[in-house]
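**Q** Provided below: entry.csv, containing CSV, C-alpha atoms and all ligand atoms.
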chain,number,residue,atom,x,y,z
A,1,MET,CA,32.4,130.4,-173.6
A,2,VAL,CA,30.0,133.2,-173.7
A,3,ASP,CA,31.4,136.4,-175.1
A,4,ARG,CA,30.7,139.6,-173.4
A,5,ARG,CA,30.1,142.4,-175.9
A,6,VAL,CA,29.4,146.0,-175.0
A,7,ARG,CA,27.6,148.0,-177.6
A,8,GLY,CA,26.9,151.6,-176.7
A,9,GLY,CA,27.2,150.7,-173.0
A,10,VAL,CA,24.4,148.1,-173.2
A,11,ARG,CA,25.5,144.5,-172.9
A,12,SER,CA,24.1,142.1,-175.4
A,13,SER,CA,25.1,138.8,-173.8
A,14,LEU,CA,25.3,137.3,-170.4
A,15,GLY,CA,28.4,136.8,-168.4
A,16,ARG,CA,29.7,133.4,-167.3
A,17,VAL,CA,29.2,131.3,-164.2
A,18,GLN,CA,32.1,129.0,-163.5
A,19,ALA,CA,33.7,127.0,-160.7
A,20,TYR,CA,36.0,128.5,-158.2
A,21,LEU,CA,38.4,125.8,-157.0
A,22,GLY,CA,40.6,125.8,-153.9
A,23,ARG,CA,43.3,123.1,-153.9
A,24,CYS,CA,42.8,121.0,-157.1
A,25,SER,CA,44.7,119.0,-159.6
A,26,ALA,CA,45.2,120.1,-163.2
A,27,ALA,CA,42.8,117.4,-164.3
A,28,GLU,CA,40.1,118.7,-161.9
A,29,ALA,CA,40.6,122.2,-163.3
A,30,LEU,CA,40.2,121.0,-166.9
A,31,ALA,CA,37.1,118.9,-166.0
A,32,ASN,CA,35.4,122.0,-164.5
A,33,ARG,CA,36.4,124.2,-167.4
A,34,GLU,CA,34.7,121.7,-169.7
A,35,ARG,CA,31.5,121.7,-167.6
A,36,PHE,CA,31.3,125.5,-167.1
A,37,GLY,CA,33.4,127.0,-169.9
A,38,GLY,CA,35.8,128.4,-167.4
A,39,VAL,CA,37.4,128.0,-164.0
A,40,THR,CA,39.0,130.3,-161.4
A,41,LEU,CA,42.0,128.9,-159.5
A,42,GLN,CA,43.1,130.1,-156.1
A,43,GLY,CA,46.4,131.5,-154.8
A,44,VAL,CA,49.8,130.0,-154.9
A,45,HIS,CA,48.6,126.5,-155.7
A,46,GLY,CA,46.3,127.9,-158.4
A,47,LEU,CA,49.2,129.6,-160.0
A,48,ALA,CA,51.2,126.4,-160.0
A,49,VAL,CA,48.3,124.6,-161.7
A,50,ALA,CA,47.9,127.5,-164.2
A,51,ARG,CA,51.5,127.2,-165.1
A,52,VAL,CA,51.1,123.4,-165.8
A,53,LEU,CA,48.1,124.2,-167.9
A,54,ALA,CA,49.9,126.9,-169.8
A,55,ARG,CA,52.7,124.5,-170.7
A,56,ALA,CA,50.1,122.1,-172.1
A,57,GLY,CA,48.5,124.9,-174.1
A,58,GLU,CA,45.3,124.6,-172.0
A,59,LEU,CA,45.0,128.0,-170.4
A,60,ALA,CA,41.9,129.2,-172.3
A,61,GLY,CA,39.0,130.0,-169.8
A,62,VAL,CA,41.3,129.7,-166.8
A,63,ASP,CA,41.8,132.7,-164.5
A,64,LEU,CA,43.3,133.2,-161.1
A,65,ASP,CA,42.4,134.8,-157.8
A,66,PRO,CA,45.7,135.6,-156.1
A,67,ALA,CA,43.9,135.4,-152.8
A,68,ALA,CA,46.6,137.3,-151.0
A,69,TYR,CA,43.9,138.1,-148.5
A,70,LEU,CA,44.1,134.5,-147.2
A,71,GLY,CA,47.7,134.9,-146.0
A,72,ARG,CA,47.3,137.0,-142.9
A,73,GLY,CA,47.3,135.3,-139.6
A,74,LYS,CA,47.3,131.9,-141.1
A,75,ALA,CA,49.9,129.3,-141.7
A,76,LYS,CA,52.5,130.1,-144.4
A,77,ALA,CA,51.6,129.3,-147.9
A,78,PRO,CA,52.9,125.9,-148.9
A,79,VAL,CA,56.2,125.9,-150.7
A,80,VAL,CA,55.8,124.9,-154.3
A,81,GLU,CA,58.6,123.3,-156.2
A,82,GLY,CA,61.0,125.6,-158.0
A,83,GLN,CA,61.3,129.3,-157.9
A,84,LEU,CA,57.7,130.0,-157.0
A,85,GLY,CA,57.9,128.8,-153.4
A,86,LEU,CA,61.0,130.9,-152.8
A,87,ALA,CA,59.6,134.0,-154.3
A,88,LEU,CA,56.5,133.7,-152.2
A,89,ASP,CA,58.4,134.1,-149.0
A,90,LEU,CA,59.1,137.6,-150.1
A,91,PRO,CA,56.5,140.2,-149.4
A,92,VAL,CA,57.1,141.6,-152.9
A,93,PHE,CA,55.9,138.7,-154.9
A,94,ASP,CA,54.4,140.3,-158.0
A,95,TRP,CA,51.0,138.7,-158.6
A,96,VAL,CA,50.2,141.1,-161.4
A,97,ASP,CA,53.4,140.4,-163.3
A,98,ALA,CA,53.0,136.6,-162.7
A,99,GLN,CA,49.5,136.6,-164.3
A,100,ALA,CA,50.4,138.9,-167.1
A,101,GLU,CA,53.4,136.8,-167.9
A,102,LEU,CA,51.2,133.7,-168.2
A,103,GLY,CA,48.9,135.6,-170.6
A,104,LEU,CA,45.7,135.1,-168.5
A,105,SER,CA,42.7,136.9,-169.9
A,106,VAL,CA,42.2,138.9,-166.8
A,107,VAL,CA,44.9,140.1,-164.4
A,108,ARG,CA,43.8,140.6,-160.9
A,109,THR,CA,45.4,142.6,-158.1
A,110,PRO,CA,46.4,140.6,-155.0
A,111,GLY,CA,43.5,141.8,-152.9
A,112,LEU,CA,43.5,143.1,-149.4
A,113,ARG,CA,40.6,142.6,-147.0
A,114,LEU,CA,38.8,145.9,-146.3
A,115,ARG,CA,36.8,146.1,-143.2
A,116,VAL,CA,33.5,147.9,-143.4
A,117,GLY,CA,34.0,151.7,-143.6
A,118,GLN,CA,37.7,151.7,-144.5
A,119,LEU,CA,37.1,154.3,-147.1
A,120,ASP,CA,40.7,155.6,-147.4
A,121,GLU,CA,42.0,152.1,-148.0
A,122,LEU,CA,39.2,151.5,-150.5
A,123,LYS,CA,40.1,154.7,-152.4
A,124,ALA,CA,43.8,153.7,-152.4
A,125,ALA,CA,43.0,150.2,-153.7
A,126,LEU,CA,40.9,151.6,-156.5
A,127,GLY,CA,43.4,154.3,-157.4
A,128,ARG,CA,46.6,152.2,-157.5
A,129,GLU,CA,48.3,152.1,-160.9
A,130,TYR,CA,49.7,149.0,-162.5
A,131,PRO,CA,51.9,148.5,-165.6
A,132,VAL,CA,49.2,146.4,-167.2
A,133,LYS,CA,45.4,146.5,-167.4
A,134,VAL,CA,44.0,144.9,-164.2
A,135,SER,CA,40.8,144.1,-162.4
A,136,VAL,CA,41.1,145.5,-159.0
A,137,THR,CA,40.3,142.8,-156.4
A,138,LEU,CA,38.3,144.2,-153.5
A,139,VAL,CA,37.8,141.9,-150.5
A,140,LEU,CA,34.9,143.4,-148.6
A,141,ASP,CA,33.1,142.5,-145.5
A,142,GLY,CA,29.5,141.9,-146.2
A,143,GLY,CA,28.6,145.0,-144.2
A,144,TRP,CA,29.8,147.1,-147.2
A,145,LEU,CA,26.6,146.0,-148.9
A,146,GLY,CA,24.4,147.2,-146.1
A,147,SER,CA,22.2,150.3,-146.2
A,148,LYS,CA,24.8,152.5,-144.6
A,149,HIS,CA,27.8,151.7,-146.9
A,150,SER,CA,26.6,150.5,-150.2
A,151,GLY,CA,25.9,154.0,-151.6
A,152,VAL,CA,29.5,155.1,-150.7
A,153,LEU,CA,30.9,151.9,-152.3
A,154,ALA,CA,28.9,152.4,-155.5
A,155,GLU,CA,30.1,156.1,-155.6
A,156,GLN,CA,33.7,155.0,-155.3
A,157,LEU,CA,33.3,152.5,-158.1
A,158,ARG,CA,31.7,155.2,-160.2
A,159,ALA,CA,34.6,157.6,-159.5
A,160,ALA,CA,37.3,155.0,-160.1
A,161,ASP,CA,35.8,153.7,-163.3
A,162,ARG,CA,37.8,150.4,-163.3
A,163,ASP,CA,37.1,146.7,-163.7
A,164,VAL,CA,36.6,145.2,-160.3
A,165,SER,CA,36.7,141.6,-158.9
A,166,LEU,CA,34.7,141.3,-155.7
A,167,VAL,CA,35.3,138.8,-152.9
A,168,LEU,CA,32.7,139.1,-150.1
A,169,GLY,CA,33.5,138.1,-146.5
A,170,ALA,CA,31.1,137.0,-143.7
A,171,PRO,CA,31.0,134.2,-141.1
A,172,PHE,CA,28.1,132.6,-143.0
A,173,ASP,CA,26.3,134.5,-145.8
A,174,PRO,CA,27.6,137.9,-146.9
A,175,VAL,CA,24.3,138.7,-148.6
A,176,ASP,CA,22.1,137.8,-145.6
A,177,SER,CA,19.6,140.6,-145.7
A,178,SER,CA,17.4,142.2,-148.2
A,179,TYR,CA,19.4,145.5,-147.8
A,180,LYS,CA,22.6,143.6,-148.8
A,181,VAL,CA,20.9,142.0,-151.8
A,182,PHE,CA,19.9,145.6,-152.7
A,183,GLY,CA,23.4,146.8,-152.2
A,184,LEU,CA,24.8,144.0,-154.4
A,185,ARG,CA,22.3,144.9,-157.1
A,186,ARG,CA,23.3,148.5,-156.9
A,187,LEU,CA,26.9,147.5,-157.8
A,188,LEU,CA,25.6,145.3,-160.6
A,189,ARG,CA,23.6,148.2,-162.0
A,190,TRP,CA,26.7,150.3,-162.1
A,191,SER,CA,28.5,147.6,-164.0
A,192,ALA,CA,25.6,147.1,-166.5
A,193,ARG,CA,25.3,150.8,-167.1
A,194,THR,CA,29.0,151.6,-167.5
A,195,GLY,CA,30.2,148.4,-169.2
A,196,ARG,CA,32.9,148.1,-166.5
A,197,LYS,CA,33.4,144.4,-165.6
A,198,LEU,CA,32.3,143.3,-162.2
A,199,GLU,CA,33.4,139.8,-161.4
A,200,LEU,CA,32.3,138.0,-158.3
A,201,LEU,CA,34.9,135.6,-156.9
A,202,ARG,CA,34.4,132.8,-154.4
A,203,THR,CA,30.7,133.5,-154.4
A,204,GLY,CA,27.7,131.2,-153.9
A,205,PRO,CA,24.7,130.5,-156.1
A,206,VAL,CA,23.7,134.2,-155.7
A,207,GLY,CA,26.2,134.5,-158.6
A,208,ILE,CA,23.6,133.1,-161.0
A,209,PRO,CA,21.1,136.0,-160.7
A,210,ALA,CA,24.1,138.3,-160.5
A,211,ILE,CA,25.1,137.3,-164.0
A,212,ALA,CA,21.5,138.0,-165.2
A,213,ALA,CA,21.8,141.4,-163.6
A,214,GLY,CA,25.0,142.5,-165.1
A,215,ALA,CA,28.0,140.7,-163.6
A,216,THR,CA,30.7,139.6,-166.1
A,217,LEU,CA,31.7,136.6,-164.1
A,218,ALA,CA,30.5,134.7,-161.1
A,219,ALA,CA,33.0,132.1,-159.8
A,220,ILE,CA,31.1,129.8,-157.4
A,221,GLY,CA,33.1,127.9,-154.8
A,222,LEU,CA,32.7,124.1,-154.9
A,223,SER,CA,33.7,123.8,-151.3
A,224,SER,CA,32.3,125.7,-148.3
A,225,SER,CA,35.7,127.4,-147.7
A,226,THR,CA,35.7,128.8,-151.2
A,227,ARG,CA,32.1,130.1,-151.3
A,228,HIS,CA,32.9,133.3,-149.5
A,229,LEU,CA,35.6,134.5,-147.2
A,230,GLY,CA,34.7,133.2,-143.8
A,231,GLY,CA,35.5,134.4,-140.4
A,232,PRO,CA,36.1,132.4,-137.2
A,233,VAL,CA,33.3,129.8,-136.8
A,234,ALA,CA,31.4,130.4,-133.6
A,235,ARG,CA,31.5,127.6,-131.0
A,236,ARG,CA,28.3,126.3,-129.6
A,237,ALA,CA,27.6,127.7,-126.2
A,238,ASP,CA,27.2,124.3,-124.7
A,239,GLY,CA,30.6,123.2,-126.0
A,240,VAL,CA,29.0,120.3,-128.0
A,241,ARG,CA,30.8,119.8,-131.3
A,242,PRO,CA,28.3,119.3,-134.0
A,243,LYS,CA,28.6,116.3,-136.2
A,244,ARG,CA,30.3,116.9,-139.6
A,245,SER,CA,28.4,116.1,-142.7
A,246,PRO,CA,29.4,116.9,-146.3
A,247,GLN,CA,27.8,120.0,-147.9
A,248,VAL,CA,26.1,119.2,-151.1
A,249,PHE,CA,24.5,121.4,-153.8
A,250,VAL,CA,20.8,120.6,-154.0
A,251,PRO,CA,19.7,121.6,-157.5
A,252,ARG,CA,16.0,122.2,-156.6
A,253,LEU,CA,16.9,124.3,-153.6
A,254,LEU,CA,19.5,126.3,-155.5
A,255,HIS,CA,21.9,126.1,-152.6
A,256,TRP,CA,24.1,123.9,-150.5
A,257,GLN,CA,22.9,121.9,-147.6
A,258,ARG,CA,24.4,119.4,-145.2
A,259,GLY,CA,23.9,115.9,-146.5
A,260,ILE,CA,22.5,114.8,-143.2
A,261,ASP,CA,19.7,117.3,-143.4
A,262,LEU,CA,18.4,116.1,-146.7
A,263,LYS,CA,15.2,114.0,-146.3
A,264,GLY,CA,12.8,113.1,-149.0
A,265,SER,CA,13.1,112.4,-152.7
A,266,GLU,CA,12.2,116.0,-153.6
A,267,VAL,CA,15.6,117.2,-152.4
A,268,THR,CA,17.7,114.1,-152.7
A,269,ALA,CA,16.9,113.4,-156.4
A,270,CYS,CA,19.7,114.3,-158.8
A,271,ALA,CA,20.2,113.2,-162.3
A,272,CYS,CA,23.7,114.6,-162.7
A,273,ALA,CA,26.5,112.4,-164.3
A,274,ALA,CA,28.1,111.8,-160.9
A,275,CYS,CA,24.9,110.7,-159.2
A,276,ALA,CA,23.9,108.6,-162.3
A,277,ARG,CA,27.3,106.8,-162.0
A,278,ALA,CA,26.9,106.3,-158.2
A,279,GLY,CA,23.5,104.8,-158.9
A,280,SER,CA,21.8,106.9,-156.1
A,281,GLY,CA,20.9,110.4,-155.5
A,282,LEU,CA,22.0,112.7,-152.7
A,283,GLN,CA,20.9,110.3,-150.0
A,284,ARG,CA,24.4,108.8,-150.3
A,285,PHE,CA,25.7,112.0,-148.5
A,286,ASP,CA,23.4,111.3,-145.5
A,287,VAL,CA,26.4,110.6,-143.4
A,288,ALA,CA,28.0,112.3,-140.3
A,289,PHE,CA,31.4,112.1,-138.7
A,290,ASP,CA,32.8,113.1,-135.4
A,291,SER,CA,35.7,115.0,-137.0
A,292,ALA,CA,36.4,116.1,-140.5
A,293,VAL,CA,34.5,114.7,-143.4
A,294,PRO,CA,36.9,112.2,-145.1
A,295,ALA,CA,38.5,113.4,-148.3
A,296,THR,CA,36.9,110.8,-150.5
A,297,VAL,CA,33.4,111.8,-149.3
A,298,ARG,CA,34.3,115.5,-149.9
A,299,ALA,CA,35.6,114.7,-153.4
A,300,ALA,CA,32.5,112.8,-154.3
A,301,ALA,CA,30.3,115.6,-153.1
A,302,ARG,CA,32.4,118.1,-155.0
A,303,GLU,CA,32.0,116.1,-158.2
A,304,HIS,CA,28.3,116.0,-157.8
A,305,ASP,CA,28.3,119.8,-157.0
A,306,SER,CA,30.2,120.5,-160.2
A,307,TYR,CA,27.9,118.5,-162.5
A,308,ALA,CA,24.7,119.6,-160.8
A,309,LEU,CA,25.6,123.3,-160.6
A,310,ALA,CA,26.7,123.3,-164.2
A,311,GLU,CA,23.3,121.8,-165.2
A,312,VAL,CA,21.5,124.6,-163.4
A,313,VAL,CA,23.7,127.3,-164.9
A,314,HIS,CA,23.2,125.9,-168.4
A,315,ALA,CA,19.4,125.7,-167.8
A,316,VAL,CA,19.3,129.3,-166.8
A,317,LEU,CA,21.7,130.9,-169.2
A,318,GLY,CA,20.4,128.7,-172.1
A,319,ALA,CA,16.8,129.7,-171.5
A,320,THR,CA,15.0,132.0,-174.0
A,321,ASP,CA,14.5,134.4,-171.1
A,322,PRO,CA,17.1,133.7,-168.4
A,323,LYS,CA,15.5,136.1,-165.9
A,324,ASP,CA,12.1,134.3,-166.3
A,325,GLU,CA,13.7,130.9,-165.9
A,326,LEU,CA,15.6,132.1,-162.8
A,327,THR,CA,12.4,133.5,-161.3
A,328,ARG,CA,10.7,130.2,-161.8
A,329,LEU,CA,13.6,128.3,-160.2
A,330,ARG,CA,13.7,130.7,-157.3
A,331,GLN,CA,10.0,130.3,-156.5
A,332,ASP,CA,10.2,126.6,-156.8
A,333,ALA,CA,13.2,126.5,-154.4
A,334,GLN,CA,11.5,128.8,-151.9
A,335,GLU,CA,8.3,126.7,-151.9
A,336,LEU,CA,10.3,123.5,-151.6
A,337,ALA,CA,12.4,124.9,-148.7
A,338,VAL,CA,9.2,125.7,-146.8
A,339,GLU,CA,7.8,122.3,-147.6
A,340,VAL,CA,10.8,120.4,-146.2
A,341,GLY,CA,11.5,122.8,-143.4
A,342,ILE,CA,14.9,124.2,-144.6
A,343,VAL,CA,15.9,127.8,-144.2
A,344,ALA,CA,16.4,129.3,-147.7
A,345,PRO,CA,19.1,131.9,-148.3
A,346,LYS,CA,17.9,135.5,-148.3
A,347,TRP,CA,18.6,136.2,-152.0
A,348,LEU,CA,16.0,133.6,-153.1
A,349,GLY,CA,13.2,135.7,-151.7
A,350,SER,CA,14.5,139.2,-152.0
A,351,TRP,CA,16.2,139.4,-155.4
A,352,GLU,CA,13.3,141.3,-156.9
A,401,ZN,ZN,24.2,114.8,-158.6
How does this structure look as C-alpha cells?
**A**
Amino acid sequence: MVDRRVRGGVRSSLGRVQAYLGRCSAAEALANRERFGGVTLQGVHGLAVARVLARAGELAGVDLDPAAYLGRGKAKAPVVEGQLGLALDLPVFDWVDAQAELGLSVVRTPGLRLRVGQLDELKAALGREYPVKVSVTLVLDGGWLGSKHSGVLAEQLRAADRDVSLVLGAPFDPVDSSYKVFGLRRLLRWSARTGRKLELLRTGPVGIPAIAAGATLAAIGLSSSTRHLGGPVARRADGVRPKRSPQVFVPRLLHWQRGIDLKGSEVTACACAACARAGSGLQRFDVAFDSAVPATVRAAAREHDSYALAEVVHAVLGATDPKDELTRLRQDAQELAVEVGIVAPKWLGSWE
C-alpha cells in the first residue's frame, strides 16, 4: 500500500489506483486487493462482503462506496441475509455509522446525484455535518467539469475544505472533452495544493493520470457498469440491436474495447497471468452474442482486466518518473489507436 503523506501541504508520495468492484465474492475482493493494494466495494452487497472480510480480519485496504445514488428509479436493493436487508428497506439506513462501525479507513457519505448546476444541493452536501470524519461523496454529471461549471465547483470545494469522493456520471465518457479534462485537473490541483483528499470512485483509466496529478485514490471499475455512472443507453435509430461482445482492457491502448473490435497482435497481445493461463491473448474475446454476454465470458474478461490493469498501474507508479512514463504510454496508445483505427478517449490526447 502506498502511504499518502502531506508535508507542508506538498504531497511526497502518489496515491493509489485500485479496483472498483460491483457484485463480487469475498475471494474476488481479496484477489483484487492483492493485485492493487486495495479495493473499493459497492453498495449493499459490498457492505455484506466487507463484513465477511472484517470477521476474517481481512479489512485492510478495503473501502466502500455506499452507492446510494444507484437506488433511485431502479429495482429495490436485494435483501441480504440478516439485519442488513431489513434495515435497508428503511430510508434512514445509516451508511456513515455502518462504515465507521466496521472501522473502514475512509467513511463515505451515501452520495446523491447532483445534476449540473444544482448549486444549492452541492453546498448542502458539502456543508452537512456527521458525527465522524467523512469523505463527502459527490455524484456529479460530467457537465460539472465543463467550462461553465468547473470554476464554481472548484470554488465550492475550496470553501468547504473537506475530503471528497467523486463519482462522475455520463452516458458514455464523463471526461469527453478537453474542457472537462481541464475541469478535472482543476479539482486535482485544489487537492494537491490543500492536502484535502480527492478520491475518484467508479472511474476509468483516466484515474491513472489523476493519481499522478494529485488524487489520493482512483478506484477503476472492472466492468462497464462500474466505470462511471451511466445514463439510459441510446437505442439505434434503425432499431437494430447491436451484437454484444465483452469489454476488455487493452494494455497498450490504456482503455477498454469490445473484444470483437480487436484485430491484430499489437492490440490482442497480453502477457498477464490470466492470458498466460488461457494460452492466448485477447483474441479469445473476439466473440459476439445476440443477447447478454454470458457470465463465464464476462468473468474471464474481468480477470484479465484486473491483472492487466494492475500491471499498467505498477509500471506507472513504480517508474522513476511516473509522469514521464505515463506520457510515454499515452503517446504510444494514441499512435496505436490511429494505426488500428480505434477512437481513443479524450484524456489520452488532452491531459497536458
Ligand atoms: Zn491479459
**Q** Around (48.8, 127.6, -166.5), as given in the file, which residues come within 12 Å? Count only C-alpha atoms and list them as a ChimeraX atom specification.
**A** /A:25-26,29-30,39-41,44-64,98-105
**Q** Return the single residue from A:Val116, A:Val250, A:Ala68, A:Ala292 that is closest to ligand ZN 401 (chain A), with distances computed using all atoms listed in the file.
**A**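 Distance minimum relative to ligand ZN 401 (chain A) lands on A:Val250.
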**Q** Just want the residues within 8 Å of ligand ZN 401 (chain A), written as a list of chain:residue names, counting only C-alpha atoms and all ligand atoms.
**A**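 After applying the 8 Å limit, what remains is A:Ala269, A:Cys270, A:Ala271, A:Cys272, A:Ala273, A:Ala274, A:Cys275, A:Ala276, A:Gly281, A:Leu282, A:Glu303, A:His304, A:Asp305, A:Tyr307, A:Ala308.
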**Q** Which residues are near Val313 (chain A)? Cut-off 9 Å, all atoms listed in the file, ignore same chain within fewer than 3 positions. Put them as a VMD selection string.
**A** chain A and resid 16 to 18 36 208 308 to 310 316 to 318
**Q** Rounded to one decimal, what separation in Å do you get between CA of Ala300 (chain A) and CA of Val340 (chain A)?
**A**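 Between CA of Ala300 (chain A) and CA of Val340 (chain A) the gap is 24.4 Å.
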**Q** Tell me which of A:Arg33, A:Lys197, A:Lys323, A:His149 sits closest to Tyr20 (chain A), counting all atoms listed in the file.
**A**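 Selected residue with least distance to Tyr20 (chain A): A:Arg33.
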**Q** Give me, as a list in words, all polymer residues having an atom no more than 9 Å from Gln156 (chain A), counting only C-alpha atoms and skipping those fewer than 6 positions away in the same chain.
**A**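 Within the cut-off, the hits are Leu119, Leu122, Lys123 and Leu126 of chain A.
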**Q** Residues near Lys263 (chain A), anyone? I mean within 12 Å using all atoms listed in the file, not counting same-chain ones fewer than 4 positions away, as a list of chain:residue names.
**A**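 Once the nearby chain positions are removed, what remains is A:Val250, A:Gln257, A:Arg258, A:Gly259, A:Val267, A:Thr268, A:Ala269, A:Gly281, A:Leu282, A:Gln283, A:Arg284, A:Phe285, A:Asp286, A:Leu336, A:Ala337, A:Glu339, A:Val340, A:Gly341, A:Ile342.
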**Q** Could you extract region 307-326 of chain A of the given structure into a file holding N, CA and C atoms, as a PDB file, in the first residue's frame?
**A**
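part_36.pdb, written as the output of this step:
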ATOM      1  N   TYR A 307      -5.743  -8.264 -13.825  1.00  0.00           N
ATOM      2  CA  TYR A 307      -4.291  -8.490 -13.912  1.00  0.00           C
ATOM      3  C   TYR A 307      -3.616  -7.449 -14.796  1.00  0.00           C
ATOM      4  N   ALA A 308      -4.199  -7.217 -15.979  1.00  0.00           N
ATOM      5  CA  ALA A 308      -3.540  -6.347 -16.955  1.00  0.00           C
ATOM      6  C   ALA A 308      -3.531  -4.893 -16.479  1.00  0.00           C
ATOM      7  N   LEU A 309      -4.638  -4.461 -15.878  1.00  0.00           N
ATOM      8  CA  LEU A 309      -4.688  -3.092 -15.366  1.00  0.00           C
ATOM      9  C   LEU A 309      -3.686  -2.912 -14.220  1.00  0.00           C
ATOM     10  N   ALA A 310      -3.619  -3.909 -13.344  1.00  0.00           N
ATOM     11  CA  ALA A 310      -2.679  -3.822 -12.221  1.00  0.00           C
ATOM     12  C   ALA A 310      -1.241  -3.709 -12.737  1.00  0.00           C
ATOM     13  N   GLU A 311      -0.944  -4.428 -13.826  1.00  0.00           N
ATOM     14  CA  GLU A 311       0.416  -4.351 -14.386  1.00  0.00           C
ATOM     15  C   GLU A 311       0.727  -2.954 -14.887  1.00  0.00           C
ATOM     16  N   VAL A 312      -0.244  -2.344 -15.587  1.00  0.00           N
ATOM     17  CA  VAL A 312      -0.043  -0.982 -16.089  1.00  0.00           C
ATOM     18  C   VAL A 312       0.146  -0.011 -14.919  1.00  0.00           C
ATOM     19  N   VAL A 313      -0.697  -0.159 -13.916  1.00  0.00           N
ATOM     20  CA  VAL A 313      -0.629   0.729 -12.743  1.00  0.00           C
ATOM     21  C   VAL A 313       0.733   0.606 -12.062  1.00  0.00           C
ATOM     22  N   HIS A 314       1.202  -0.624 -11.884  1.00  0.00           N
ATOM     23  CA  HIS A 314       2.507  -0.812 -11.232  1.00  0.00           C
ATOM     24  C   HIS A 314       3.638  -0.252 -12.088  1.00  0.00           C
ATOM     25  N   ALA A 315       3.505  -0.410 -13.421  1.00  0.00           N
ATOM     26  CA  ALA A 315       4.548   0.115 -14.310  1.00  0.00           C
ATOM     27  C   ALA A 315       4.636   1.633 -14.186  1.00  0.00           C
ATOM     28  N   VAL A 316       3.471   2.297 -14.077  1.00  0.00           N
ATOM     29  CA  VAL A 316       3.470   3.765 -13.985  1.00  0.00           C
ATOM     30  C   VAL A 316       3.927   4.216 -12.599  1.00  0.00           C
ATOM     31  N   LEU A 317       3.298   3.697 -11.571  1.00  0.00           N
ATOM     32  CA  LEU A 317       3.592   4.192 -10.222  1.00  0.00           C
ATOM     33  C   LEU A 317       4.964   3.745  -9.733  1.00  0.00           C
ATOM     34  N   GLY A 318       5.478   2.662 -10.323  1.00  0.00           N
ATOM     35  CA  GLY A 318       6.796   2.182  -9.901  1.00  0.00           C
ATOM     36  C   GLY A 318       7.930   2.801 -10.702  1.00  0.00           C
ATOM     37  N   ALA A 319       7.594   3.608 -11.705  1.00  0.00           N
ATOM     38  CA  ALA A 319       8.640   4.205 -12.555  1.00  0.00           C
ATOM     39  C   ALA A 319       9.390   5.288 -11.784  1.00  0.00           C
ATOM     40  N   THR A 320      10.617   5.540 -12.189  1.00  0.00           N
ATOM     41  CA  THR A 320      11.407   6.597 -11.558  1.00  0.00           C
ATOM     42  C   THR A 320      10.665   7.916 -11.648  1.00  0.00           C
ATOM     43  N   ASP A 321      10.114   8.186 -12.837  1.00  0.00           N
ATOM     44  CA  ASP A 321       9.298   9.386 -13.010  1.00  0.00           C
ATOM     45  C   ASP A 321       7.925   8.957 -13.559  1.00  0.00           C
ATOM     46  N   PRO A 322       6.942   8.771 -12.694  1.00  0.00           N
ATOM     47  CA  PRO A 322       5.626   8.277 -13.144  1.00  0.00           C
ATOM     48  C   PRO A 322       5.008   9.143 -14.243  1.00  0.00           C
ATOM     49  N   LYS A 323       5.175  10.464 -14.144  1.00  0.00           N
ATOM     50  CA  LYS A 323       4.555  11.333 -15.155  1.00  0.00           C
ATOM     51  C   LYS A 323       5.175  11.098 -16.529  1.00  0.00           C
ATOM     52  N   ASP A 324       6.497  10.934 -16.557  1.00  0.00           N
ATOM     53  CA  ASP A 324       7.200  10.653 -17.819  1.00  0.00           C
ATOM     54  C   ASP A 324       6.729   9.336 -18.413  1.00  0.00           C
ATOM     55  N   GLU A 325       6.653   8.340 -17.557  1.00  0.00           N
ATOM     56  CA  GLU A 325       6.243   7.010 -18.007  1.00  0.00           C
ATOM     57  C   GLU A 325       4.821   7.061 -18.573  1.00  0.00           C
ATOM     58  N   LEU A 326       3.968   7.806 -17.906  1.00  0.00           N
ATOM     59  CA  LEU A 326       2.584   7.942 -18.338  1.00  0.00           C
ATOM     60  C   LEU A 326       2.499   8.662 -19.680  1.00  0.00           C
TER      61      LEU A 326
END
